[in-house]
file data.csv (CSV, C-alpha atoms and all ligand atoms)
chain,number,residue,atom,x,y,z
A,234,MET,CA,144.8,-88.2,-184.1
A,235,SER,CA,143.1,-85.1,-182.7
A,236,GLN,CA,143.9,-83.9,-179.2
A,237,PRO,CA,141.3,-85.1,-176.8
A,238,PRO,CA,139.5,-82.7,-174.5
A,239,ALA,CA,140.9,-82.5,-171.0
A,240,LEU,CA,138.8,-84.5,-168.6
A,241,HIS,CA,138.4,-81.9,-165.9
A,242,SER,CA,137.0,-79.3,-168.3
A,243,ALA,CA,134.5,-81.9,-169.8
A,244,SER,CA,133.4,-83.0,-166.4
A,245,VAL,CA,132.1,-79.6,-165.4
A,246,GLN,CA,129.8,-79.4,-168.4
A,247,SER,CA,126.1,-79.6,-167.8
A,248,ALA,CA,124.9,-83.2,-167.7
A,249,SER,CA,121.8,-82.3,-169.7
A,250,ASP,CA,123.2,-83.7,-172.9
A,251,LEU,CA,123.6,-87.1,-171.4
A,252,PRO,CA,121.0,-89.9,-171.5
A,253,ARG,CA,119.0,-90.6,-168.3
A,254,HIS,CA,120.8,-93.1,-166.1
A,255,CYS,CA,124.0,-92.7,-168.1
A,256,SER,CA,126.4,-95.5,-167.0
A,257,PHE,CA,129.5,-93.9,-168.4
A,258,GLU,CA,131.8,-91.2,-167.1
A,259,PRO,CA,130.4,-88.1,-168.7
A,260,ALA,CA,133.6,-87.3,-170.6
A,261,ASP,CA,133.9,-90.8,-171.9
A,262,TRP,CA,130.2,-90.7,-173.1
A,263,ARG,CA,130.8,-87.5,-174.9
A,264,LEU,CA,133.7,-89.0,-176.8
A,265,LEU,CA,132.0,-92.3,-177.5
A,266,SER,CA,128.9,-90.5,-178.8
A,267,GLN,CA,130.9,-89.3,-181.8
A,268,PHE,CA,131.6,-92.8,-183.2
A,269,TRP,CA,129.4,-94.9,-185.5
A,270,PHE,CA,128.1,-98.1,-184.0
A,271,PRO,CA,125.8,-100.8,-185.4
A,272,VAL,CA,122.4,-101.1,-183.7
A,273,ALA,CA,120.5,-103.7,-185.8
A,274,ILE,CA,120.8,-106.3,-188.5
A,275,ALA,CA,119.1,-104.8,-191.5
A,276,ALA,CA,117.3,-108.1,-192.5
A,277,ASP,CA,115.6,-108.2,-189.0
A,278,LEU,CA,113.7,-104.9,-189.9
A,279,GLU,CA,111.4,-106.8,-192.2
A,280,LYS,CA,109.5,-108.0,-189.2
A,281,GLY,CA,108.8,-104.5,-187.9
A,282,PRO,CA,110.4,-101.9,-185.7
A,283,LEU,CA,113.2,-102.9,-183.4
A,284,GLY,CA,114.2,-101.5,-180.1
A,285,ALA,CA,117.9,-100.9,-179.6
A,286,VAL,CA,120.1,-99.3,-176.9
A,287,LEU,CA,123.3,-97.4,-177.7
A,288,LEU,CA,125.4,-95.7,-175.0
A,289,ASP,CA,122.3,-95.8,-172.6
A,290,GLU,CA,120.2,-94.1,-175.3
A,291,LYS,CA,117.0,-96.0,-176.1
A,292,LEU,CA,116.4,-96.1,-179.9
A,293,VAL,CA,113.8,-97.5,-182.3
A,294,VAL,CA,115.0,-98.7,-185.8
A,295,TYR,CA,112.5,-99.1,-188.6
A,296,ARG,CA,112.1,-99.1,-192.4
A,297,SER,CA,110.1,-96.6,-194.3
A,298,GLY,CA,110.2,-97.9,-197.9
A,299,GLU,CA,113.9,-97.9,-198.9
A,300,GLU,CA,114.8,-95.6,-196.0
A,301,ILE,CA,116.0,-96.8,-192.6
A,302,VAL,CA,115.1,-94.6,-189.7
A,303,VAL,CA,116.9,-94.5,-186.3
A,304,ALA,CA,115.1,-92.4,-183.8
A,305,ALA,CA,114.6,-92.0,-180.0
A,306,ASP,CA,112.4,-94.8,-178.8
A,307,LEU,CA,109.8,-92.4,-177.4
A,308,CYS,CA,106.5,-91.3,-178.8
A,309,PRO,CA,106.5,-87.5,-178.5
A,310,HIS,CA,102.8,-87.6,-177.6
A,311,ARG,CA,102.7,-89.5,-174.3
A,312,GLY,CA,106.1,-91.2,-174.1
A,313,VAL,CA,105.3,-94.8,-175.1
A,314,PRO,CA,108.2,-96.7,-176.7
A,315,LEU,CA,107.6,-96.9,-180.4
A,316,SER,CA,109.5,-100.2,-180.5
A,317,MET,CA,106.3,-101.6,-178.9
A,318,GLY,CA,104.4,-100.6,-182.1
A,319,GLU,CA,104.0,-102.3,-185.4
A,320,ARG,CA,104.8,-101.7,-189.0
A,321,ASP,CA,102.0,-99.9,-190.8
A,322,GLY,CA,102.6,-99.3,-194.5
A,323,ASP,CA,105.7,-97.2,-194.9
A,324,GLY,CA,105.9,-96.4,-191.2
A,325,ILE,CA,105.2,-97.5,-187.7
A,326,ARG,CA,102.2,-96.9,-185.5
A,327,CYS,CA,102.3,-96.1,-181.8
A,328,ILE,CA,100.3,-98.6,-179.7
A,329,TYR,CA,98.6,-96.0,-177.5
A,330,HIS,CA,96.8,-93.4,-179.7
A,331,GLY,CA,97.8,-94.7,-183.1
A,332,LEU,CA,100.1,-91.8,-184.3
A,333,ARG,CA,102.0,-93.0,-187.3
A,334,PHE,CA,105.6,-92.1,-188.1
A,335,GLY,CA,107.2,-92.5,-191.5
A,336,ALA,CA,110.2,-91.3,-193.5
A,337,GLY,CA,112.6,-89.0,-191.6
A,338,GLY,CA,110.8,-89.9,-188.4
A,339,ARG,CA,107.9,-87.5,-189.4
A,340,CYS,CA,104.5,-88.0,-187.9
A,341,ASP,CA,102.0,-88.3,-190.7
A,342,GLN,CA,98.8,-89.4,-189.1
A,343,VAL,CA,96.9,-88.4,-185.9
A,344,PRO,CA,93.9,-90.7,-185.9
A,345,ALA,CA,92.1,-88.8,-183.1
A,346,SER,CA,92.4,-85.5,-185.0
A,347,PRO,CA,92.7,-86.4,-188.6
A,348,ASP,CA,92.4,-82.8,-189.9
A,349,MET,CA,94.9,-81.1,-187.6
A,350,ARG,CA,98.0,-79.6,-189.0
A,351,ILE,CA,100.8,-81.7,-187.6
A,352,PRO,CA,103.2,-79.6,-185.5
A,353,ASP,CA,107.0,-80.2,-185.5
A,354,ARG,CA,106.8,-81.3,-181.9
A,355,LEU,CA,105.2,-84.5,-183.0
A,356,HIS,CA,108.1,-85.6,-185.3
A,357,LEU,CA,110.7,-88.0,-183.9
A,358,LYS,CA,114.2,-87.0,-182.8
A,359,THR,CA,116.2,-88.9,-185.4
A,360,TYR,CA,119.9,-89.9,-185.8
A,361,PRO,CA,121.8,-90.6,-189.0
A,362,ALA,CA,121.4,-94.2,-190.3
A,363,THR,CA,123.8,-96.0,-192.7
A,364,LEU,CA,123.5,-99.5,-194.0
A,365,LYS,CA,126.8,-101.3,-194.2
A,366,TYR,CA,127.9,-105.0,-194.0
A,367,GLY,CA,124.2,-105.8,-193.6
A,368,LEU,CA,124.1,-103.7,-190.4
A,369,VAL,CA,122.4,-100.5,-189.5
A,370,TRP,CA,125.0,-98.0,-188.1
A,371,THR,CA,124.3,-94.8,-186.3
A,372,ARG,CA,126.0,-92.2,-184.2
A,373,LEU,CA,124.5,-90.0,-181.5
A,374,ARG,CA,126.5,-86.8,-182.0
A,375,PRO,CA,128.4,-85.3,-184.9
A,376,PRO,CA,132.2,-85.4,-184.3
A,377,ALA,CA,133.8,-82.3,-182.9
A,378,GLU,CA,136.8,-82.8,-185.2
A,379,PRO,CA,135.9,-85.2,-188.0
A,380,SER,CA,138.7,-87.7,-188.8
A,381,PRO,CA,139.0,-91.2,-190.3
A,382,LEU,CA,138.3,-92.5,-186.8
A,383,HIS,CA,134.8,-91.1,-187.1
A,384,GLU,CA,134.0,-93.0,-190.3
A,385,ILE,CA,132.4,-96.4,-190.2
A,386,PRO,CA,135.2,-99.0,-189.9
A,387,ASP,CA,136.3,-100.8,-193.1
A,388,MET,CA,135.6,-104.5,-193.4
A,389,PRO,CA,138.2,-106.2,-195.6
A,390,ARG,CA,136.8,-108.0,-198.7
A,391,TRP,CA,133.1,-107.4,-197.9
A,392,GLU,CA,132.5,-106.4,-201.5
A,393,ALA,CA,135.1,-108.7,-203.0
A,394,PRO,CA,133.9,-110.9,-205.9
A,395,ASP,CA,133.8,-114.6,-205.0
A,396,PHE,CA,133.3,-114.0,-201.3
A,397,GLN,CA,130.2,-115.1,-199.5
A,398,GLN,CA,128.6,-112.6,-197.2
A,399,ILE,CA,127.2,-113.9,-193.9
A,400,ASN,CA,125.6,-112.0,-191.1
A,401,CYS,CA,125.5,-113.9,-187.8
A,402,PRO,CA,122.8,-113.2,-185.2
A,403,SER,CA,124.0,-110.7,-182.6
A,404,ILE,CA,125.2,-111.9,-179.2
A,405,ASP,CA,124.5,-110.0,-176.0
A,406,ILE,CA,127.4,-109.9,-173.5
A,407,GLY,CA,127.1,-108.8,-169.9
A,408,GLY,CA,130.4,-106.9,-170.0
A,409,PHE,CA,132.1,-103.7,-171.3
A,410,ALA,CA,132.7,-103.4,-175.0
A,411,GLY,CA,136.4,-102.6,-174.4
A,412,ARG,CA,136.9,-105.8,-172.5
A,413,GLN,CA,135.2,-107.8,-175.2
A,414,LEU,CA,137.2,-106.2,-178.0
A,415,GLU,CA,140.4,-106.7,-176.2
A,416,GLY,CA,139.6,-110.4,-175.9
A,417,PHE,CA,139.0,-110.6,-179.7
A,418,ILE,CA,142.6,-109.4,-180.4
A,419,ASP,CA,144.1,-111.5,-177.7
A,420,VAL,CA,146.2,-114.4,-179.2
A,421,ALA,CA,147.3,-116.1,-175.9
A,422,HIS,CA,143.9,-117.6,-174.9
A,423,PHE,CA,143.2,-119.9,-177.8
A,424,GLY,CA,144.6,-123.0,-176.1
A,425,PHE,CA,142.7,-122.3,-172.9
A,426,VAL,CA,139.3,-120.7,-173.7
A,427,HIS,CA,138.6,-122.2,-177.1
A,428,LEU,CA,139.0,-125.9,-176.3
A,429,GLY,CA,135.5,-126.7,-177.6
A,430,THR,CA,136.0,-125.0,-181.0
A,431,PHE,CA,139.5,-124.6,-182.4
A,432,GLY,CA,142.1,-124.2,-179.6
A,433,ASP,CA,145.0,-126.6,-179.1
A,434,PRO,CA,146.0,-127.1,-175.5
A,435,ALA,CA,149.4,-128.5,-176.7
A,436,ASN,CA,150.2,-125.3,-178.6
A,437,THR,CA,150.0,-122.3,-176.3
A,438,ALA,CA,153.3,-120.4,-176.8
A,439,VAL,CA,152.8,-117.1,-178.5
A,440,PRO,CA,155.4,-116.2,-181.1
A,441,SER,CA,156.6,-112.6,-181.2
A,442,TYR,CA,154.5,-110.1,-183.2
A,443,SER,CA,154.4,-106.3,-183.6
A,444,PRO,CA,151.4,-104.0,-183.8
A,445,VAL,CA,151.7,-101.2,-186.4
A,446,THR,CA,149.8,-98.0,-185.6
A,447,ASN,CA,147.7,-96.2,-188.2
A,448,ALA,CA,145.1,-93.4,-188.5
A,449,VAL,CA,142.3,-95.4,-187.0
A,450,GLY,CA,144.1,-97.7,-184.6
A,451,PHE,CA,146.6,-100.4,-185.5
A,452,SER,CA,147.1,-103.6,-187.5
A,453,VAL,CA,148.9,-106.8,-186.6
A,454,ASP,CA,150.2,-109.8,-188.5
A,455,TYR,CA,150.3,-112.8,-186.2
A,456,ARG,CA,151.9,-116.0,-187.4
A,457,SER,CA,151.7,-119.3,-185.5
A,458,THR,CA,151.0,-123.0,-186.0
A,459,VAL,CA,147.6,-122.8,-184.3
A,460,ALA,CA,145.1,-124.1,-186.9
A,461,ASN,CA,141.7,-122.5,-187.5
A,462,TYR,CA,139.7,-125.7,-188.2
A,463,PRO,CA,136.9,-126.6,-186.0
A,464,ILE,CA,137.9,-129.5,-183.7
A,465,GLY,CA,137.0,-132.8,-185.4
A,466,VAL,CA,137.3,-131.4,-188.9
A,467,ALA,CA,140.2,-133.0,-190.8
A,468,SER,CA,142.9,-130.5,-191.6
A,469,ASN,CA,144.1,-130.2,-195.1
A,470,ALA,CA,147.0,-127.9,-194.1
A,471,PRO,CA,150.5,-129.2,-195.1
A,472,GLU,CA,152.8,-130.3,-192.3
A,473,GLY,CA,154.3,-127.2,-190.5
A,474,PHE,CA,151.8,-124.8,-192.1
A,475,ILE,CA,152.1,-121.3,-190.7
A,476,TRP,CA,148.8,-119.7,-190.1
A,477,LEU,CA,148.6,-115.9,-190.7
A,478,ARG,CA,146.0,-114.0,-188.7
A,479,HIS,CA,145.8,-110.4,-189.8
A,480,PHE,CA,144.1,-108.0,-187.4
A,481,GLU,CA,142.8,-104.5,-188.1
A,482,VAL,CA,141.7,-102.5,-185.1
A,483,HIS,CA,139.5,-99.5,-185.5
A,484,LEU,CA,139.2,-97.7,-182.2
A,485,PRO,CA,137.3,-97.8,-180.0
A,486,PHE,CA,135.4,-101.1,-180.4
A,487,THR,CA,135.7,-102.6,-183.9
A,488,ALA,CA,138.3,-105.0,-185.2
A,489,SER,CA,138.5,-107.6,-188.0
A,490,ILE,CA,140.6,-110.7,-188.3
A,491,THR,CA,141.5,-112.2,-191.7
A,492,VAL,CA,142.6,-115.8,-191.4
A,493,HIS,CA,144.7,-117.1,-194.2
A,494,PHE,CA,143.9,-120.8,-194.8
A,495,PRO,CA,145.8,-123.2,-197.0
A,496,ASN,CA,145.1,-123.0,-200.8
A,497,TYR,CA,144.5,-119.2,-200.6
A,498,GLY,CA,141.4,-119.6,-198.5
A,499,LEU,CA,140.4,-116.4,-196.6
A,500,LEU,CA,138.0,-116.0,-193.8
A,501,VAL,CA,137.3,-112.5,-192.5
A,502,VAL,CA,135.4,-112.0,-189.2
A,503,MET,CA,134.5,-108.5,-188.1
A,504,ASN,CA,133.9,-107.9,-184.4
A,505,CYS,CA,131.7,-104.9,-183.9
A,506,ALA,CA,131.2,-104.4,-180.2
A,507,SER,CA,128.3,-102.0,-179.8
A,508,PRO,CA,128.2,-100.5,-176.3
A,509,MET,CA,124.6,-100.6,-175.1
A,510,THR,CA,125.7,-99.5,-171.6
A,511,SER,CA,129.0,-99.6,-169.9
A,512,ARG,CA,128.1,-103.1,-168.7
A,513,LEU,CA,126.2,-104.6,-171.7
A,514,THR,CA,127.5,-105.1,-175.2
A,515,ARG,CA,125.7,-106.3,-178.3
A,516,LEU,CA,128.2,-108.0,-180.6
A,517,PHE,CA,127.5,-107.9,-184.3
A,518,CYS,CA,129.6,-110.1,-186.5
A,519,PRO,CA,129.6,-109.9,-190.3
A,520,ILE,CA,131.7,-112.6,-192.0
A,521,VAL,CA,133.0,-113.2,-195.5
A,522,ARG,CA,134.9,-116.2,-196.9
A,523,ASN,CA,136.0,-117.5,-200.3
A,524,PHE,CA,135.8,-121.3,-199.6
A,525,ASP,CA,133.4,-123.8,-198.1
A,526,LYS,CA,130.6,-121.7,-199.7
A,527,HIS,CA,128.5,-124.8,-200.2
A,528,ILE,CA,128.3,-125.4,-196.4
A,529,PRO,CA,124.9,-124.1,-195.0
A,530,ILE,CA,125.4,-120.8,-193.3
A,531,GLU,CA,123.6,-122.1,-190.2
A,532,ALA,CA,126.8,-124.1,-189.5
A,533,VAL,CA,128.8,-120.8,-189.7
A,534,HIS,CA,126.4,-119.2,-187.3
A,535,ASP,CA,126.6,-122.1,-184.9
A,536,PHE,CA,130.4,-122.2,-184.9
A,537,ASN,CA,130.7,-118.5,-184.5
A,538,ARG,CA,128.3,-118.4,-181.7
A,539,ARG,CA,130.2,-121.2,-179.9
A,540,VAL,CA,133.5,-119.3,-180.2
A,541,PHE,CA,132.0,-116.1,-178.9
A,542,GLU,CA,130.2,-117.9,-176.1
A,543,GLU,CA,133.5,-119.3,-174.9
A,544,ASP,CA,134.8,-115.7,-174.8
A,545,ARG,CA,131.6,-114.3,-173.2
A,546,PHE,CA,132.1,-116.7,-170.3
A,547,VAL,CA,135.4,-115.0,-169.5
A,548,VAL,CA,134.5,-111.4,-170.4
A,549,GLU,CA,131.5,-111.5,-168.0
A,550,ALA,CA,133.7,-112.6,-165.2
A,551,GLN,CA,136.5,-110.1,-165.5
A,552,LYS,CA,137.1,-107.7,-162.7
A,553,PRO,CA,137.2,-104.7,-162.7
A,554,GLU,CA,134.4,-104.5,-165.2
A,555,TYR,CA,135.9,-101.4,-166.8
A,556,LEU,CA,139.0,-101.4,-169.0
A,557,PRO,CA,142.0,-100.1,-167.0
A,558,LEU,CA,143.9,-97.8,-169.4
A,559,ASP,CA,146.5,-96.9,-166.7
A,560,PRO,CA,149.2,-99.6,-167.4
A,561,THR,CA,150.0,-99.9,-163.7
A,562,LEU,CA,146.6,-101.2,-162.8
A,563,GLU,CA,147.1,-104.7,-164.3
A,564,ALA,CA,150.1,-107.0,-164.9
A,565,HIS,CA,151.3,-107.7,-168.4
A,566,ILE,CA,153.2,-110.4,-170.3
A,567,PRO,CA,155.1,-110.2,-173.7
A,568,ALA,CA,152.1,-111.8,-175.5
A,569,ASP,CA,150.0,-108.7,-174.6
A,570,ARG,CA,151.4,-106.4,-177.3
A,571,SER,CA,148.0,-106.0,-179.0
A,572,SER,CA,146.3,-105.4,-175.7
A,573,ILE,CA,148.8,-102.8,-174.8
A,574,ALA,CA,148.6,-101.1,-178.2
A,575,TYR,CA,144.8,-101.1,-177.8
A,576,ARG,CA,144.8,-99.5,-174.3
A,577,ARG,CA,147.5,-97.0,-175.4
A,578,GLY,CA,145.4,-96.0,-178.5
A,579,LEU,CA,142.3,-95.5,-176.3
A,580,ARG,CA,144.2,-93.4,-173.9
A,581,ALA,CA,145.5,-91.2,-176.7
A,582,LEU,CA,141.9,-90.5,-177.7
A,583,GLY,CA,141.3,-89.1,-174.3
A,584,PHE,CA,139.3,-91.8,-172.6
A,585,SER,CA,139.6,-91.8,-168.8
A,586,PRO,CA,142.2,-94.1,-167.1
A,587,ILE,CA,139.3,-96.1,-165.6
A,588,PHE,CA,137.5,-96.3,-168.9
A,589,ALA,CA,133.7,-96.4,-168.6
A,590,ALA,CA,133.7,-96.8,-164.9
A,601,LIG,S1,101.6,-92.0,-176.8
A,601,LIG,FE1,102.0,-92.5,-178.8
A,601,LIG,S2,100.2,-92.0,-179.8
A,601,LIG,FE2,99.8,-91.3,-177.8
A,602,FE,FE,138.5,-115.7,-178.1

call {"tool": "encode", "arguments": {"input": "data.csv", "output": "structure tokens"}}
result
Amino acid sequence: MSQPPALHSASVQSASDLPRHCSFEPADWRLLSQFWFPVAIAADLEKGPLGAVLLDEKLVVYRSGEEIVVAADLCPHRGVPLSMGERDGDGIRCIYHGLRFGAGGRCDQVPASPDMRIPDRLHLKTYPATLKYGLVWTRLRPPAEPSPLHEIPDMPRWEAPDFQQINCPSIDIGGFAGRQLEGFIDVAHFGFVHLGTFGDPANTAVPSYSPVTNAVGFSVDYRSTVANYPIGVASNAPEGFIWLRHFEVHLPFTASITVHFPNYGLLVVMNCASPMTSRLTRLFCPIVRNFDKHIPIEAVHDFNRRVFEEDRFVVEAQKPEYLPLDPTLEAHIPADRSSIAYRRGLRALGFSPIFAA
């Protein structure tokens, strides 16, 4: 991994490259702005432009034919948010004076002055847009030193034959993305937090496991007897079945879990925590599975939402709201190996000890 910039040198840079009302430490923001994050579910763009927020930057996301455009949510004419506008042909139209913007964020109509040559100043400030896993991903700044970390994270088996692709509605969480992601890879809370979905209060001991670091974060094989069936659904696991949960963490805020069910069933859930601000996270959650494909996807959406709502309740209550990367700031237990590997990985990237304060 590349050597991070020293915090003191970053903090004396001009703040002019930061969003207005930036809620992150400037040095943390500058590092975070170099990663891809999802900002919209592609299917939702059929209805028209969508507003989004990434790292305190307000964005508009829209379709222009086959192209997806991510741009600053600000009409260059008089500053009205374009997310208030509507789709118009292959573009979107501002609600105030009707300027239209199309492919590449280019203004292509000025109704009040139809014959004027359109100056560059009227084109939108755009960001790269990539469609992956049914999500629109963007990043605010190019990476200073490109590395695998600065690629869009891999989702295991998204393209695999015989797997059903599901995109759950996003969930907004009033907490920091780092706290949310850490909860996703935490294996000691199932029997306490997830009692309404799959947790077993009689099975709370965490067997030993070992995170293995790699170029983008780390992976973990976690084996236990905690089943992954919704409560009330009859298990078809043989007596003593060992459940393997394989985690892949791609720093800073993406992880996937692959749950190995009996009879070679596989369920992959990707946790893409998109930091809207340092205190607000939009969680996107693509899923694939190779079993139960006849069950309506609304049931998957519902179960997934209930699991993440159970987590949300905790994440929104955690204090401090930031993620303490200095190991002396919170107490730890042996079951926290993933959490410790996560914080260590973030620290190695150069994030501040009080991350996103
Ligand atoms: S403010 Fe958008 S067209 Fe005038
Ligand atoms: Fe959880």

call {"tool": "closest_residue", "arguments": {"input": "data.csv", "among": "A:His330, A:Lys526, A:Arg390, A:Arg320", "to": "ligand LIG 601 (chain A)", "atoms": "all atoms listed in the file"}}
result
A:His330

call {"tool": "residues_around", "arguments": {"input": "data.csv", "residues": "Gly281 in chain A", "least_positions_apart": "2", "cutoff": "8 Å", "atoms": "all atoms listed in the file", "output": "number ranges by chain"}}
result
A: 277-279, 283, 295-296, 319-320, 325

call {"tool": "residues_near_ligand", "arguments": {"input": "data.csv", "ligand": "ligand LIG 601 (chain A)", "cutoff": "7 Å", "atoms": "all atoms listed in the file", "output": "PyMOL selection string"}}
result
chain A and resi 308-313+327-332

call {"tool": "atom_distance", "arguments": {"input": "data.csv", "atom1": "CA of Ala532 in chain A", "atom2": "CA of Asn496 in chain A"}}
result
21.5 Å

call {"tool": "atom_distance", "arguments": {"input": "data.csv", "atom1": "CA of Asp525 in chain A", "atom2": "CA of Cys505 in chain A"}}
result
23.7 Å

call {"tool": "atom_distance", "arguments": {"input": "data.csv", "atom1": "CA of Arg339 in chain A", "atom2": "CA of Ser403 in chain A"}}
result
29.0 Å

call {"tool": "residues_near_ligand", "arguments": {"input": "data.csv", "ligand": "ligand FE 602 (chain A)", "cutoff": "6 Å", "atoms": "only C-alpha atoms and all ligand atoms", "output": "ChimeraX atom specification"}}
result
/A:416-417,544

call {"tool": "closest_residue", "arguments": {"input": "data.csv", "among": "A:Asn461, A:Gln398, A:Thr371, A:Thr430", "to": "Phe270 in chain A", "atoms": "only C-alpha atoms"}}
result
A:Thr371

call {"tool": "axis_aligned_box", "arguments": {"input": "data.csv", "around": "range 551-554 of chain A", "padding_each_side": "5 Å", "output": "lines of an AutoDock Vina configuration file"}}
result
center_x = 135.8
center_y = -107.3
center_z = -164.1
size_x = 12.8
size_y = 15.6
size_z = 12.8

call {"tool": "residues_around", "arguments": {"input": "data.csv", "residues": "range 466-469 of chain A", "least_positions_apart": "2", "cutoff": "12 Å", "atoms": "all atoms listed in the file", "output": "list in words"}}
result
Thr430, Phe431, Val459, Ala460, Asn461, Tyr462, Pro463, Ile464, Pro471, Glu472, Gly473, Phe474, Phe494, Pro495, Asn496 and Gly498 of chain A

call {"tool": "write_last_selection", "arguments": {"input": "data.csv", "atoms": "C-alpha atoms", "output": "short mmCIF file (atom, residue, chain, number, x, y, z; two decimals), in the coordinates of the input"}}
result
data_model
loop_
_atom_site.label_atom_id
_atom_site.label_comp_id
_atom_site.auth_asym_id
_atom_site.auth_seq_id
_atom_site.Cartn_x
_atom_site.Cartn_y
_atom_site.Cartn_z
CA THR A 430 136.00 -125.00 -181.00
CA PHE A 431 139.50 -124.60 -182.40
CA VAL A 459 147.60 -122.80 -184.30
CA ALA A 460 145.10 -124.10 -186.90
CA ASN A 461 141.70 -122.50 -187.50
CA TYR A 462 139.70 -125.70 -188.20
CA PRO A 463 136.90 -126.60 -186.00
CA ILE A 464 137.90 -129.50 -183.70
CA PRO A 471 150.50 -129.20 -195.10
CA GLU A 472 152.80 -130.30 -192.30
CA GLY A 473 154.30 -127.20 -190.50
CA PHE A 474 151.80 -124.80 -192.10
CA PHE A 494 143.90 -120.80 -194.80
CA PRO A 495 145.80 -123.20 -197.00
CA ASN A 496 145.10 -123.00 -200.80
CA GLY A 498 141.40 -119.60 -198.50
#

call {"tool": "closest_residue", "arguments": {"input": "data.csv", "among": "A:Thr359, A:Ser380, A:Thr458, A:Gln413", "to": "Leu556 in chain A", "atoms": "only C-alpha atoms"}}
result
A:Gln413

call {"tool": "residues_around", "arguments": {"input": "data.csv", "residues": "Ile530 in chain A", "least_positions_apart": "5", "cutoff": "10 Å", "atoms": "only C-alpha atoms", "output": "ChimeraX atom specification"}}
result
/A:397-401,525,535-536

call {"tool": "residues_around", "arguments": {"input": "data.csv", "residues": "range 576-580 of chain A", "least_positions_apart": "3", "cutoff": "8 Å", "atoms": "only C-alpha atoms", "output": "PyMOL selection string"}}
result
chain A and resi 450+484-485+557-558+572-573+583-586

call {"tool": "closest_residue", "arguments": {"input": "data.csv", "among": "A:Ile404, A:Leu414, A:Cys255, A:Val369", "to": "Val548 in chain A", "atoms": "all atoms listed in the file"}}
result
A:Leu414

call {"tool": "residues_around", "arguments": {"input": "data.csv", "residues": "Gly407 in chain A", "least_positions_apart": "4", "cutoff": "6 Å", "atoms": "only C-alpha atoms", "output": "MDAnalysis selection string"}}
result
chainID A and resid 512:513 549

call {"tool": "residues_near_point", "arguments": {"input": "data.csv", "point": "(140.6, -109.3, -193.2)", "cutoff": "12 Å", "atoms": "all atoms listed in the file", "output": "PyMOL selection string"}}
result
chain A and resi 387-393+396+452-454+477-482+488-493+498-504+519-523

call {"tool": "closest_residue", "arguments": {"input": "data.csv", "among": "A:Gly324, A:Pro434, A:Gly429, A:Pro361", "to": "Trp269 in chain A", "atoms": "only C-alpha atoms"}}
result
A:Pro361

call {"tool": "closest_residue", "arguments": {"input": "data.csv", "among": "A:Ser297, A:Ser571, A:Ser511, A:Thr446", "to": "Ala421 in chain A", "atoms": "only C-alpha atoms"}}
result
A:Ser571

call {"tool": "build_atoms", "arguments": {"input": "data.csv", "residues": "range 335-346 of chain A", "atoms": "N, CA and C atoms", "output": "mmCIF file, in the frame of the given file"}}
result
data_model
loop_
_atom_site.group_PDB
_atom_site.id
_atom_site.type_symbol
_atom_site.label_atom_id
_atom_site.label_comp_id
_atom_site.auth_asym_id
_atom_site.auth_seq_id
_atom_site.Cartn_x
_atom_site.Cartn_y
_atom_site.Cartn_z
ATOM 1 N N GLY A 335 106.694 -91.960 -190.276
ATOM 2 C CA GLY A 335 107.200 -92.500 -191.500
ATOM 3 C C GLY A 335 108.628 -92.049 -191.804
ATOM 4 N N ALA A 336 108.872 -91.684 -193.087
ATOM 5 C CA ALA A 336 110.200 -91.300 -193.500
ATOM 6 C C ALA A 336 110.700 -90.105 -192.686
ATOM 7 N N GLY A 337 111.988 -90.139 -192.366
ATOM 8 C CA GLY A 337 112.600 -89.000 -191.600
ATOM 9 C C GLY A 337 112.067 -88.912 -190.206
ATOM 10 N N GLY A 338 111.306 -89.919 -189.744
ATOM 11 C CA GLY A 338 110.800 -89.900 -188.400
ATOM 12 C C GLY A 338 109.586 -88.902 -188.261
ATOM 13 N N ARG A 339 108.992 -88.542 -189.412
ATOM 14 C CA ARG A 339 107.900 -87.500 -189.400
ATOM 15 C C ARG A 339 106.584 -88.179 -189.058
ATOM 16 N N CYS A 340 105.856 -87.543 -188.157
ATOM 17 C CA CYS A 340 104.500 -88.000 -187.900
ATOM 18 C C CYS A 340 103.617 -87.609 -189.055
ATOM 19 N N ASP A 341 102.864 -88.605 -189.590
ATOM 20 C CA ASP A 341 102.000 -88.300 -190.700
ATOM 21 C C ASP A 341 100.555 -88.646 -190.541
ATOM 22 N N GLN A 342 100.212 -89.109 -189.349
ATOM 23 C CA GLN A 342 98.800 -89.400 -189.100
ATOM 24 C C GLN A 342 98.519 -89.226 -187.586
ATOM 25 N N VAL A 343 97.414 -88.520 -187.279
ATOM 26 C CA VAL A 343 96.900 -88.400 -185.900
ATOM 27 C C VAL A 343 95.477 -88.869 -185.920
ATOM 28 N N PRO A 344 95.215 -90.152 -185.697
ATOM 29 C CA PRO A 344 93.900 -90.700 -185.900
ATOM 30 C C PRO A 344 92.775 -89.946 -185.111
ATOM 31 N N ALA A 345 93.097 -89.438 -183.909
ATOM 32 C CA ALA A 345 92.100 -88.800 -183.100
ATOM 33 C C ALA A 345 91.709 -87.395 -183.658
ATOM 34 N N SER A 346 92.598 -86.800 -184.408
ATOM 35 C CA SER A 346 92.400 -85.500 -185.000
ATOM 36 C C SER A 346 92.865 -85.446 -186.413
#
